>>> print(open('coords_10.txt').read())   # compact mmCIF, N, CA and C atoms
# COMPACT_ATOMS: atom_id res chain seq x y z
N MET H 23 -15.45 13.74 18.44
CA MET H 23 -14.83 12.82 19.37
C MET H 23 -13.33 12.72 19.03
N GLN H 24 -12.49 12.76 20.04
CA GLN H 24 -11.05 12.68 19.87
C GLN H 24 -10.64 11.24 19.57
N LYS H 25 -9.74 11.08 18.61
CA LYS H 25 -9.25 9.76 18.24
C LYS H 25 -8.19 9.32 19.24
N PRO H 26 -8.18 8.02 19.58
CA PRO H 26 -7.15 7.53 20.49
C PRO H 26 -5.77 7.54 19.81
N VAL H 27 -4.75 7.86 20.57
CA VAL H 27 -3.37 7.83 20.08
C VAL H 27 -2.60 6.84 20.95
N LYS H 28 -1.95 5.88 20.31
CA LYS H 28 -1.17 4.88 21.03
C LYS H 28 0.29 4.97 20.61
N ILE H 29 1.18 4.68 21.54
CA ILE H 29 2.61 4.70 21.30
C ILE H 29 3.07 3.26 21.08
N PRO H 30 3.81 2.99 20.00
CA PRO H 30 4.34 1.64 19.81
C PRO H 30 5.17 1.20 21.00
N GLY H 31 5.09 -0.06 21.33
CA GLY H 31 5.84 -0.60 22.47
C GLY H 31 5.88 -2.11 22.37
N PRO H 32 6.22 -2.78 23.46
CA PRO H 32 6.36 -4.24 23.43
C PRO H 32 5.09 -4.98 23.00
N ASP H 33 3.92 -4.41 23.33
CA ASP H 33 2.67 -5.07 22.96
C ASP H 33 2.29 -4.82 21.49
N HIS H 34 2.85 -3.78 20.89
CA HIS H 34 2.59 -3.47 19.48
C HIS H 34 3.83 -2.73 18.93
N PRO H 35 4.90 -3.49 18.63
CA PRO H 35 6.12 -2.84 18.15
C PRO H 35 5.99 -2.37 16.70
N ILE H 36 6.63 -1.24 16.41
CA ILE H 36 6.75 -0.74 15.04
C ILE H 36 8.20 -0.36 14.85
N ALA H 37 8.83 -0.93 13.82
CA ALA H 37 10.22 -0.62 13.52
C ALA H 37 10.33 -0.20 12.06
N LEU H 38 11.08 0.87 11.83
CA LEU H 38 11.33 1.37 10.48
C LEU H 38 12.82 1.27 10.18
N ALA H 39 13.15 0.81 8.97
CA ALA H 39 14.55 0.72 8.56
C ALA H 39 14.63 0.93 7.06
N LEU H 40 15.74 1.46 6.62
CA LEU H 40 15.96 1.62 5.20
C LEU H 40 16.06 0.23 4.58
N HIS H 41 15.29 0.00 3.51
CA HIS H 41 15.32 -1.29 2.82
C HIS H 41 16.64 -1.40 2.07
N SER H 42 17.23 -2.57 2.08
CA SER H 42 18.58 -2.73 1.54
C SER H 42 18.65 -2.86 0.02
N GLY H 43 17.52 -2.99 -0.64
CA GLY H 43 17.56 -3.19 -2.09
C GLY H 43 16.70 -2.19 -2.84
N ARG H 44 16.41 -2.55 -4.07
CA ARG H 44 15.56 -1.74 -4.94
C ARG H 44 14.17 -2.36 -4.95
N VAL H 45 13.16 -1.52 -5.00
CA VAL H 45 11.76 -1.95 -5.00
C VAL H 45 11.10 -1.41 -6.26
N ARG H 46 10.34 -2.27 -6.96
CA ARG H 46 9.60 -1.85 -8.14
C ARG H 46 8.16 -2.35 -8.02
N VAL H 47 7.20 -1.45 -8.26
CA VAL H 47 5.78 -1.79 -8.23
C VAL H 47 5.24 -1.63 -9.65
N THR H 48 4.57 -2.67 -10.16
CA THR H 48 4.00 -2.59 -11.50
C THR H 48 2.50 -2.89 -11.47
N PHE H 49 1.82 -2.27 -12.43
CA PHE H 49 0.38 -2.49 -12.59
C PHE H 49 0.04 -2.31 -14.07
N ASN H 50 -0.62 -3.29 -14.64
CA ASN H 50 -1.08 -3.25 -16.04
C ASN H 50 0.07 -2.90 -17.00
N GLY H 51 1.23 -3.51 -16.75
CA GLY H 51 2.36 -3.33 -17.64
C GLY H 51 3.17 -2.06 -17.44
N ARG H 52 2.83 -1.24 -16.47
CA ARG H 52 3.55 0.02 -16.22
C ARG H 52 4.24 -0.03 -14.87
N ILE H 53 5.37 0.61 -14.79
CA ILE H 53 6.04 0.78 -13.50
C ILE H 53 5.36 1.95 -12.80
N VAL H 54 4.76 1.67 -11.68
CA VAL H 54 4.07 2.70 -10.90
C VAL H 54 5.05 3.38 -9.95
N ALA H 55 5.99 2.61 -9.43
CA ALA H 55 6.99 3.17 -8.51
C ALA H 55 8.25 2.32 -8.59
N GLU H 56 9.39 2.99 -8.44
CA GLU H 56 10.67 2.28 -8.38
C GLU H 56 11.63 3.13 -7.56
N THR H 57 12.30 2.47 -6.60
CA THR H 57 13.15 3.22 -5.69
C THR H 57 14.24 2.35 -5.09
N THR H 58 15.30 3.00 -4.68
CA THR H 58 16.32 2.38 -3.83
C THR H 58 16.28 3.00 -2.44
N ARG H 59 15.22 3.77 -2.18
CA ARG H 59 15.09 4.49 -0.90
C ARG H 59 13.86 4.07 -0.10
N ALA H 60 13.40 2.85 -0.31
CA ALA H 60 12.21 2.38 0.41
C ALA H 60 12.50 2.21 1.90
N LEU H 61 11.46 2.39 2.69
CA LEU H 61 11.52 2.09 4.11
C LEU H 61 10.77 0.78 4.34
N ALA H 62 11.34 -0.09 5.15
CA ALA H 62 10.67 -1.34 5.54
C ALA H 62 10.05 -1.12 6.91
N MET H 63 8.73 -1.29 6.97
CA MET H 63 8.02 -1.14 8.25
C MET H 63 7.63 -2.52 8.76
N ARG H 64 8.10 -2.82 9.95
CA ARG H 64 7.70 -4.04 10.64
C ARG H 64 6.80 -3.61 11.79
N GLU H 65 5.56 -4.09 11.71
CA GLU H 65 4.57 -3.68 12.71
C GLU H 65 3.89 -4.91 13.28
N GLY H 66 4.10 -5.14 14.57
CA GLY H 66 3.47 -6.26 15.24
C GLY H 66 3.65 -7.55 14.45
N GLY H 67 2.57 -8.29 14.29
CA GLY H 67 2.61 -9.54 13.55
C GLY H 67 2.22 -9.40 12.09
N TYR H 68 2.12 -8.17 11.59
CA TYR H 68 1.74 -7.94 10.19
C TYR H 68 2.91 -8.20 9.25
N PRO H 69 2.61 -8.50 7.98
CA PRO H 69 3.70 -8.62 7.00
C PRO H 69 4.44 -7.29 6.85
N ILE H 70 5.70 -7.35 6.49
CA ILE H 70 6.50 -6.15 6.28
C ILE H 70 5.88 -5.33 5.15
N VAL H 71 5.82 -4.02 5.35
CA VAL H 71 5.33 -3.09 4.33
C VAL H 71 6.51 -2.28 3.84
N LEU H 72 6.66 -2.21 2.51
CA LEU H 72 7.72 -1.40 1.91
C LEU H 72 7.11 -0.08 1.49
N ASP H 73 7.54 0.98 2.14
CA ASP H 73 7.04 2.33 1.86
C ASP H 73 7.98 3.00 0.86
N VAL H 74 7.40 3.57 -0.19
CA VAL H 74 8.15 4.17 -1.29
C VAL H 74 8.03 5.69 -1.22
N PRO H 75 9.14 6.41 -1.35
CA PRO H 75 9.03 7.87 -1.37
C PRO H 75 8.10 8.32 -2.50
N ARG H 76 7.24 9.26 -2.18
CA ARG H 76 6.25 9.75 -3.15
C ARG H 76 6.91 10.19 -4.46
N GLU H 77 8.07 10.84 -4.36
CA GLU H 77 8.72 11.34 -5.58
C GLU H 77 9.27 10.22 -6.46
N ASP H 78 9.31 8.98 -5.95
CA ASP H 78 9.77 7.84 -6.75
C ASP H 78 8.60 7.06 -7.35
N ALA H 79 7.42 7.63 -7.29
CA ALA H 79 6.22 7.02 -7.90
C ALA H 79 5.76 7.90 -9.06
N ASP H 80 5.13 7.28 -10.03
CA ASP H 80 4.57 8.02 -11.17
C ASP H 80 3.24 8.61 -10.73
N GLN H 81 3.26 9.84 -10.27
CA GLN H 81 2.08 10.51 -9.72
C GLN H 81 0.95 10.62 -10.74
N SER H 82 1.29 10.62 -12.03
CA SER H 82 0.25 10.74 -13.06
C SER H 82 -0.68 9.53 -13.11
N LEU H 83 -0.27 8.42 -12.49
CA LEU H 83 -1.08 7.21 -12.48
C LEU H 83 -1.95 7.10 -11.23
N LEU H 84 -1.76 8.02 -10.28
CA LEU H 84 -2.45 7.94 -8.99
C LEU H 84 -3.56 8.98 -8.91
N VAL H 85 -4.73 8.53 -8.46
CA VAL H 85 -5.88 9.42 -8.31
C VAL H 85 -6.36 9.31 -6.86
N ARG H 86 -6.35 10.43 -6.15
CA ARG H 86 -6.80 10.44 -4.75
C ARG H 86 -8.26 10.03 -4.68
N THR H 87 -8.60 9.27 -3.66
CA THR H 87 -9.98 8.86 -3.43
C THR H 87 -10.47 9.44 -2.11
N PRO H 88 -11.77 9.42 -1.87
CA PRO H 88 -12.27 9.92 -0.59
C PRO H 88 -12.08 8.92 0.56
N HIS H 89 -11.65 7.71 0.24
CA HIS H 89 -11.47 6.68 1.26
C HIS H 89 -10.40 7.11 2.27
N ALA H 90 -10.63 6.84 3.54
CA ALA H 90 -9.67 7.15 4.59
C ALA H 90 -9.82 6.12 5.71
N THR H 91 -8.72 5.87 6.40
CA THR H 91 -8.76 4.98 7.57
C THR H 91 -7.95 5.65 8.68
N TYR H 92 -8.05 5.07 9.86
CA TYR H 92 -7.33 5.60 11.01
C TYR H 92 -6.60 4.48 11.73
N CYS H 93 -5.36 4.71 12.08
CA CYS H 93 -4.58 3.79 12.91
C CYS H 93 -4.15 4.55 14.16
N PRO H 94 -4.44 4.05 15.34
CA PRO H 94 -4.07 4.78 16.55
C PRO H 94 -2.55 4.90 16.75
N TYR H 95 -1.75 4.11 16.02
CA TYR H 95 -0.30 4.17 16.13
C TYR H 95 0.33 5.09 15.08
N LYS H 96 -0.37 5.27 13.95
CA LYS H 96 0.23 6.02 12.85
C LYS H 96 -0.56 7.27 12.48
N GLY H 97 -1.86 7.28 12.66
CA GLY H 97 -2.68 8.45 12.33
C GLY H 97 -3.66 8.17 11.20
N ASP H 98 -4.05 9.24 10.50
CA ASP H 98 -5.03 9.15 9.42
C ASP H 98 -4.34 8.77 8.11
N ALA H 99 -4.89 7.79 7.42
CA ALA H 99 -4.35 7.37 6.12
C ALA H 99 -5.26 7.86 5.01
N SER H 100 -4.64 8.39 3.96
CA SER H 100 -5.34 8.78 2.73
C SER H 100 -5.04 7.72 1.68
N TYR H 101 -5.91 7.65 0.65
CA TYR H 101 -5.79 6.58 -0.34
C TYR H 101 -5.79 7.12 -1.77
N PHE H 102 -5.16 6.34 -2.64
CA PHE H 102 -5.12 6.61 -4.07
C PHE H 102 -5.50 5.35 -4.81
N SER H 103 -6.16 5.52 -5.95
CA SER H 103 -6.37 4.42 -6.89
C SER H 103 -5.32 4.56 -7.97
N ILE H 104 -5.01 3.44 -8.61
CA ILE H 104 -4.05 3.45 -9.72
C ILE H 104 -4.84 3.30 -11.02
N HIS H 105 -4.60 4.21 -11.97
CA HIS H 105 -5.26 4.19 -13.27
C HIS H 105 -4.19 3.98 -14.35
N VAL H 106 -4.24 2.84 -15.02
CA VAL H 106 -3.31 2.56 -16.12
C VAL H 106 -4.12 1.96 -17.26
N GLY H 107 -4.16 2.68 -18.38
CA GLY H 107 -4.93 2.20 -19.53
C GLY H 107 -6.38 2.02 -19.15
N ASP H 108 -6.92 0.83 -19.43
CA ASP H 108 -8.32 0.54 -19.15
C ASP H 108 -8.52 -0.12 -17.79
N ARG H 109 -7.48 -0.23 -16.99
CA ARG H 109 -7.60 -0.87 -15.67
C ARG H 109 -7.46 0.15 -14.56
N ILE H 110 -8.25 -0.06 -13.52
CA ILE H 110 -8.20 0.77 -12.31
C ILE H 110 -8.12 -0.17 -11.11
N SER H 111 -7.22 0.14 -10.20
CA SER H 111 -7.14 -0.59 -8.95
C SER H 111 -7.53 0.39 -7.84
N GLU H 112 -8.73 0.18 -7.31
CA GLU H 112 -9.30 1.10 -6.32
C GLU H 112 -8.57 1.03 -4.99
N ASN H 113 -8.28 2.19 -4.45
CA ASN H 113 -7.67 2.30 -3.11
C ASN H 113 -6.48 1.35 -2.93
N ALA H 114 -5.64 1.30 -3.95
CA ALA H 114 -4.50 0.38 -3.95
C ALA H 114 -3.30 0.93 -3.18
N VAL H 115 -3.31 2.22 -2.90
CA VAL H 115 -2.16 2.90 -2.30
C VAL H 115 -2.63 3.69 -1.08
N TRP H 116 -1.86 3.60 0.00
CA TRP H 116 -2.19 4.44 1.15
C TRP H 116 -0.96 5.23 1.58
N THR H 117 -1.24 6.32 2.28
CA THR H 117 -0.18 7.21 2.74
C THR H 117 -0.60 7.91 4.01
N TYR H 118 0.38 8.18 4.85
CA TYR H 118 0.15 8.97 6.06
C TYR H 118 0.79 10.32 5.84
N GLU H 119 -0.01 11.32 5.55
CA GLU H 119 0.51 12.64 5.21
C GLU H 119 0.88 13.46 6.44
N ALA H 120 0.33 13.11 7.58
CA ALA H 120 0.67 13.76 8.85
C ALA H 120 0.75 12.67 9.93
N PRO H 121 1.75 11.77 9.80
CA PRO H 121 1.82 10.64 10.75
C PRO H 121 2.20 11.10 12.16
N TYR H 122 1.87 10.26 13.11
CA TYR H 122 2.26 10.54 14.49
C TYR H 122 3.78 10.50 14.62
N GLU H 123 4.27 11.15 15.66
CA GLU H 123 5.71 11.33 15.85
C GLU H 123 6.48 10.01 15.84
N ALA H 124 5.91 8.96 16.41
CA ALA H 124 6.62 7.67 16.50
C ALA H 124 6.96 7.09 15.13
N VAL H 125 6.21 7.47 14.10
CA VAL H 125 6.46 6.96 12.75
C VAL H 125 6.64 8.11 11.75
N ALA H 126 7.11 9.24 12.24
CA ALA H 126 7.27 10.44 11.40
C ALA H 126 8.03 10.20 10.10
N PRO H 127 9.01 9.29 10.03
CA PRO H 127 9.73 9.10 8.77
C PRO H 127 8.87 8.64 7.59
N ILE H 128 7.67 8.10 7.83
CA ILE H 128 6.84 7.63 6.71
C ILE H 128 6.07 8.76 6.03
N LYS H 129 6.18 9.97 6.54
CA LYS H 129 5.51 11.10 5.89
C LYS H 129 6.03 11.20 4.45
N SER H 130 5.11 11.43 3.53
CA SER H 130 5.43 11.56 2.10
C SER H 130 5.88 10.23 1.47
N TYR H 131 5.56 9.13 2.10
CA TYR H 131 5.81 7.81 1.52
C TYR H 131 4.49 7.17 1.14
N LEU H 132 4.55 6.24 0.19
CA LEU H 132 3.37 5.52 -0.28
C LEU H 132 3.55 4.03 -0.01
N ALA H 133 2.47 3.36 0.35
CA ALA H 133 2.48 1.92 0.52
C ALA H 133 1.44 1.32 -0.43
N PHE H 134 1.75 0.14 -0.96
CA PHE H 134 0.91 -0.49 -1.97
C PHE H 134 0.38 -1.83 -1.45
N TYR H 135 -0.93 -2.07 -1.63
CA TYR H 135 -1.49 -3.37 -1.30
C TYR H 135 -1.00 -4.38 -2.33
N PRO H 136 -0.31 -5.44 -1.90
CA PRO H 136 0.21 -6.42 -2.86
C PRO H 136 -0.88 -7.07 -3.73
N ASN H 137 -2.07 -7.22 -3.18
CA ASN H 137 -3.15 -7.86 -3.95
C ASN H 137 -3.91 -6.88 -4.86
N ARG H 138 -3.47 -5.61 -4.90
CA ARG H 138 -4.13 -4.62 -5.75
C ARG H 138 -3.20 -4.08 -6.83
N VAL H 139 -1.99 -4.60 -6.88
CA VAL H 139 -1.06 -4.30 -7.97
C VAL H 139 -0.67 -5.64 -8.59
N ASP H 140 -0.01 -5.58 -9.73
CA ASP H 140 0.38 -6.84 -10.36
C ASP H 140 1.60 -7.46 -9.70
N LEU H 141 2.53 -6.61 -9.28
CA LEU H 141 3.77 -7.14 -8.73
C LEU H 141 4.50 -6.09 -7.89
N ILE H 142 5.02 -6.52 -6.75
CA ILE H 142 5.98 -5.73 -5.97
C ILE H 142 7.25 -6.54 -5.95
N GLU H 143 8.26 -6.05 -6.67
CA GLU H 143 9.52 -6.79 -6.80
C GLU H 143 10.59 -6.16 -5.93
N GLN H 144 11.49 -7.02 -5.45
CA GLN H 144 12.64 -6.55 -4.68
C GLN H 144 13.90 -7.08 -5.35
N PHE H 145 14.87 -6.22 -5.55
CA PHE H 145 16.13 -6.56 -6.18
C PHE H 145 17.27 -6.10 -5.28
N PRO H 146 18.43 -6.74 -5.39
CA PRO H 146 19.59 -6.18 -4.70
C PRO H 146 19.97 -4.86 -5.34
N ARG H 147 20.65 -4.00 -4.62
CA ARG H 147 21.06 -2.69 -5.16
C ARG H 147 22.02 -2.83 -6.27
>>> encode(input="coords_10.txt", output="structure tokens")
Amino acid sequence: MQKPVKIPGPDHPIALALHSGRVRVTFNGRIVAETTRALAMREGGYPIVLDVPREDADQSLLVRTPHATYCPYKGDASYFSIHVGDRISENAVWTYEAPYEAVAPIKSYLAFYPNRVDLIEQFPR
């Protein structure tokens, strides 16, 4: 069955912008990601999501999982768990590896669930 594809618009706006500061994600005492190149995604009435370039994350702490979801505005999302020491945060990170054209800039970016990491900090540049 073909998945529905929707285009962002007035009924479901999606806006992407370069985040103006530095973003740091920590879990179990380790910095999982830190960047000054985050994208801020504003989507409908959802909280803002800060997407981090994959190369600004410690890939050695991320383990791909079989979990996947679908968004008709963005496409198929893949997930990673974070493994640090004796703690694991399951499916804490999602990414759109082949996003739809309307959100193409998020390709190769990672997003973190705030309730599955210890802290997502924002600092001025």
>>> atom_distance(input="coords_10.txt", atom1="atom CA of H:Gly43", atom2="atom CA of H:Glu112")
27.5 Å
>>> atom_distance(input="coords_10.txt", atom1="atom CA of H:His89", atom2="atom CA of H:Pro136")
18.0 Å
>>> select_by_dssp(input="coords_10.txt", residues="chain H", states="strand (DSSP E or B)", output="ChimeraX atom specification")
/H:31,34,36-40,43-49,52-57,61-65,71-75,79,84-93,97-106,109-117,131-134,141-146
>>> closest_residue(input="coords_10.txt", among="H:Leu38, H:Leu141, H:Ile70, H:Val106", to="H:Leu84", atoms="all atoms listed in the file")
H:Val106
>>> atom_distance(input="coords_10.txt", atom1="atom N of H:Phe145", atom2="atom C of H:Arg46")
8.1 Å
>>> residues_near_point(input="coords_10.txt", point="(-7.2, -6.3, -6.0)", cutoff="9 Å", atoms="only C-alpha atoms", output="list in words")
Ser111, Glu112, Ala114, Tyr135, Pro136, Asn137, Arg138, Val139 and Asp140 of chain H
>>> write_last_selection(input="coords_10.txt", atoms="N, CA and C atoms", output="mmCIF file, keeping the file's coordinate frame")
data_model
loop_
_atom_site.group_PDB
_atom_site.id
_atom_site.type_symbol
_atom_site.label_atom_id
_atom_site.label_comp_id
_atom_site.auth_asym_id
_atom_site.auth_seq_id
_atom_site.Cartn_x
_atom_site.Cartn_y
_atom_site.Cartn_z
ATOM 1 N N SER H 111 -7.220 0.140 -10.200
ATOM 2 C CA SER H 111 -7.140 -0.590 -8.950
ATOM 3 C C SER H 111 -7.530 0.390 -7.840
ATOM 4 N N GLU H 112 -8.730 0.180 -7.310
ATOM 5 C CA GLU H 112 -9.300 1.100 -6.320
ATOM 6 C C GLU H 112 -8.570 1.030 -4.990
ATOM 7 N N ALA H 114 -5.640 1.300 -3.950
ATOM 8 C CA ALA H 114 -4.500 0.380 -3.950
ATOM 9 C C ALA H 114 -3.300 0.930 -3.180
ATOM 10 N N TYR H 135 -0.930 -2.070 -1.630
ATOM 11 C CA TYR H 135 -1.490 -3.370 -1.300
ATOM 12 C C TYR H 135 -1.000 -4.380 -2.330
ATOM 13 N N PRO H 136 -0.310 -5.440 -1.900
ATOM 14 C CA PRO H 136 0.210 -6.420 -2.860
ATOM 15 C C PRO H 136 -0.880 -7.070 -3.730
ATOM 16 N N ASN H 137 -2.070 -7.220 -3.180
ATOM 17 C CA ASN H 137 -3.150 -7.860 -3.950
ATOM 18 C C ASN H 137 -3.910 -6.880 -4.860
ATOM 19 N N ARG H 138 -3.470 -5.610 -4.900
ATOM 20 C CA ARG H 138 -4.130 -4.620 -5.750
ATOM 21 C C ARG H 138 -3.200 -4.080 -6.830
ATOM 22 N N VAL H 139 -1.990 -4.600 -6.880
ATOM 23 C CA VAL H 139 -1.060 -4.300 -7.970
ATOM 24 C C VAL H 139 -0.670 -5.640 -8.590
ATOM 25 N N ASP H 140 -0.010 -5.580 -9.730
ATOM 26 C CA ASP H 140 0.380 -6.840 -10.360
ATOM 27 C C ASP H 140 1.600 -7.460 -9.700
#
>>> closest_residue(input="coords_10.txt", among="H:Ala120, H:Tyr92, H:Asp78, H:Val71", to="H:Thr57", atoms="only N, CA and C atoms")
H:Asp78
>>> residues_around(input="coords_10.txt", residues="H:Val54", least_positions_apart="6", cutoff="6 Å", atoms="all atoms listed in the file", output="list in words")
Val47, Thr48, Asp78, Ala79 and Asp80 of chain H
>>> closest_residue(input="coords_10.txt", among="H:Ala133, H:Ala99, H:Ile29, H:Ile104", to="H:Glu119", atoms="all atoms listed in the file")
H:Ala99
>>> closest_residue(input="coords_10.txt", among="H:Val74, H:Met63, H:Val45, H:Leu132", to="H:Tyr101", atoms="only C-alpha atoms")
H:Leu132
>>> residues_near_point(input="coords_10.txt", point="(1.7, 8.2, 7.2)", cutoff="5 Å", atoms="all atoms listed in the file", output="PyMOL selection string")
chain H and resi 117-119+121+128-129
>>> closest_residue(input="coords_10.txt", among="H:Gly67, H:Pro75, H:Gly97, H:Pro146", to="H:Glu123", atoms="all atoms listed in the file")
H:Gly97
>>> axis_aligned_box(input="coords_10.txt", around="stretch 35-51 of chain H", padding_each_side="5 Å", output="JSON")
{"center_x": 8.8, "center_y": -0.9, "center_z": 0.5, "size_x": 29.7, "size_y": 15.1, "size_z": 46.3}
>>> closest_residue(input="coords_10.txt", among="H:Ala55, H:Met23, H:Ala60, H:Leu83", to="H:His105", atoms="only C-alpha atoms")
H:Leu83
>>> build_atoms(input="coords_10.txt", residues="stretch 122-131 of chain H", atoms="all heavy atoms", output="PDB file, in the coordinates of the input")
ATOM      1  N   TYR H 122       1.870  10.260  13.110  1.00  0.00           N
ATOM      2  CA  TYR H 122       2.260  10.540  14.490  1.00  0.00           C
ATOM      3  C   TYR H 122       3.780  10.500  14.620  1.00  0.00           C
ATOM      4  O   TYR H 122       4.483   9.895  13.813  1.00  0.00           O
ATOM      5  CB  TYR H 122       1.605   9.552  15.449  1.00  0.00           C
ATOM      6  CG  TYR H 122       0.105   9.714  15.548  1.00  0.00           C
ATOM      7  CD1 TYR H 122      -0.722   8.633  15.755  1.00  0.00           C
ATOM      8  CD2 TYR H 122      -0.487  10.970  15.421  1.00  0.00           C
ATOM      9  CE1 TYR H 122      -2.102   8.793  15.853  1.00  0.00           C
ATOM     10  CE2 TYR H 122      -1.862  11.128  15.514  1.00  0.00           C
ATOM     11  CZ  TYR H 122      -2.653  10.035  15.720  1.00  0.00           C
ATOM     12  OH  TYR H 122      -4.011  10.186  15.816  1.00  0.00           O
ATOM     13  N   GLU H 123       4.270  11.150  15.660  1.00  0.00           N
ATOM     14  CA  GLU H 123       5.710  11.330  15.850  1.00  0.00           C
ATOM     15  C   GLU H 123       6.480  10.010  15.840  1.00  0.00           C
ATOM     16  O   GLU H 123       7.586   9.935  15.300  1.00  0.00           O
ATOM     17  CB  GLU H 123       5.968  12.069  17.161  1.00  0.00           C
ATOM     18  CG  GLU H 123       7.410  12.416  17.386  1.00  0.00           C
ATOM     19  CD  GLU H 123       7.624  13.205  18.658  1.00  0.00           C
ATOM     20  OE1 GLU H 123       6.706  13.907  19.105  1.00  0.00           O
ATOM     21  OE2 GLU H 123       8.733  13.111  19.205  1.00  0.00           O
ATOM     22  N   ALA H 124       5.910   8.960  16.410  1.00  0.00           N
ATOM     23  CA  ALA H 124       6.620   7.670  16.500  1.00  0.00           C
ATOM     24  C   ALA H 124       6.960   7.090  15.130  1.00  0.00           C
ATOM     25  O   ALA H 124       7.896   6.292  15.009  1.00  0.00           O
ATOM     26  CB  ALA H 124       5.795   6.673  17.303  1.00  0.00           C
ATOM     27  N   VAL H 125       6.210   7.470  14.100  1.00  0.00           N
ATOM     28  CA  VAL H 125       6.460   6.960  12.750  1.00  0.00           C
ATOM     29  C   VAL H 125       6.640   8.110  11.750  1.00  0.00           C
ATOM     30  O   VAL H 125       6.388   7.961  10.558  1.00  0.00           O
ATOM     31  CB  VAL H 125       5.329   6.006  12.286  1.00  0.00           C
ATOM     32  CG1 VAL H 125       5.328   4.726  13.108  1.00  0.00           C
ATOM     33  CG2 VAL H 125       3.978   6.695  12.338  1.00  0.00           C
ATOM     34  N   ALA H 126       7.110   9.240  12.240  1.00  0.00           N
ATOM     35  CA  ALA H 126       7.270  10.440  11.400  1.00  0.00           C
ATOM     36  C   ALA H 126       8.030  10.200  10.100  1.00  0.00           C
ATOM     37  O   ALA H 126       7.712  10.832   9.084  1.00  0.00           O
ATOM     38  CB  ALA H 126       7.930  11.542  12.208  1.00  0.00           C
ATOM     39  N   PRO H 127       9.010   9.290  10.030  1.00  0.00           N
ATOM     40  CA  PRO H 127       9.730   9.100   8.770  1.00  0.00           C
ATOM     41  C   PRO H 127       8.870   8.640   7.590  1.00  0.00           C
ATOM     42  O   PRO H 127       9.272   8.789   6.440  1.00  0.00           O
ATOM     43  CB  PRO H 127      10.787   8.043   9.106  1.00  0.00           C
ATOM     44  CG  PRO H 127      11.033   8.216  10.568  1.00  0.00           C
ATOM     45  CD  PRO H 127       9.662   8.569  11.132  1.00  0.00           C
ATOM     46  N   ILE H 128       7.670   8.100   7.830  1.00  0.00           N
ATOM     47  CA  ILE H 128       6.840   7.630   6.710  1.00  0.00           C
ATOM     48  C   ILE H 128       6.070   8.760   6.030  1.00  0.00           C
ATOM     49  O   ILE H 128       5.393   8.526   5.019  1.00  0.00           O
ATOM     50  CB  ILE H 128       5.878   6.493   7.109  1.00  0.00           C
ATOM     51  CG1 ILE H 128       4.831   6.968   8.110  1.00  0.00           C
ATOM     52  CG2 ILE H 128       6.656   5.282   7.603  1.00  0.00           C
ATOM     53  CD1 ILE H 128       3.737   5.963   8.392  1.00  0.00           C
ATOM     54  N   LYS H 129       6.180   9.970   6.540  1.00  0.00           N
ATOM     55  CA  LYS H 129       5.510  11.100   5.890  1.00  0.00           C
ATOM     56  C   LYS H 129       6.030  11.200   4.450  1.00  0.00           C
ATOM     57  O   LYS H 129       7.220  11.084   4.207  1.00  0.00           O
ATOM     58  CB  LYS H 129       5.789  12.400   6.647  1.00  0.00           C
ATOM     59  CG  LYS H 129       5.099  13.588   6.030  1.00  0.00           C
ATOM     60  CD  LYS H 129       5.365  14.852   6.814  1.00  0.00           C
ATOM     61  CE  LYS H 129       4.637  16.002   6.142  1.00  0.00           C
ATOM     62  NZ  LYS H 129       4.716  17.223   6.928  1.00  0.00           N
ATOM     63  N   SER H 130       5.110  11.430   3.530  1.00  0.00           N
ATOM     64  CA  SER H 130       5.430  11.560   2.100  1.00  0.00           C
ATOM     65  C   SER H 130       5.880  10.230   1.470  1.00  0.00           C
ATOM     66  O   SER H 130       6.524  10.233   0.428  1.00  0.00           O
ATOM     67  CB  SER H 130       6.480  12.640   1.859  1.00  0.00           C
ATOM     68  OG  SER H 130       5.991  13.881   2.313  1.00  0.00           O
ATOM     69  N   TYR H 131       5.560   9.130   2.100  1.00  0.00           N
ATOM     70  CA  TYR H 131       5.810   7.810   1.520  1.00  0.00           C
ATOM     71  C   TYR H 131       4.490   7.170   1.140  1.00  0.00           C
ATOM     72  O   TYR H 131       3.445   7.498   1.696  1.00  0.00           O
ATOM     73  CB  TYR H 131       6.540   6.907   2.522  1.00  0.00           C
ATOM     74  CG  TYR H 131       8.033   7.138   2.568  1.00  0.00           C
ATOM     75  CD1 TYR H 131       8.552   8.303   3.118  1.00  0.00           C
ATOM     76  CD2 TYR H 131       8.913   6.198   2.053  1.00  0.00           C
ATOM     77  CE1 TYR H 131       9.920   8.516   3.157  1.00  0.00           C
ATOM     78  CE2 TYR H 131      10.276   6.411   2.089  1.00  0.00           C
ATOM     79  CZ  TYR H 131      10.777   7.566   2.638  1.00  0.00           C
ATOM     80  OH  TYR H 131      12.124   7.780   2.669  1.00  0.00           O
TER      81      TYR H 131
END
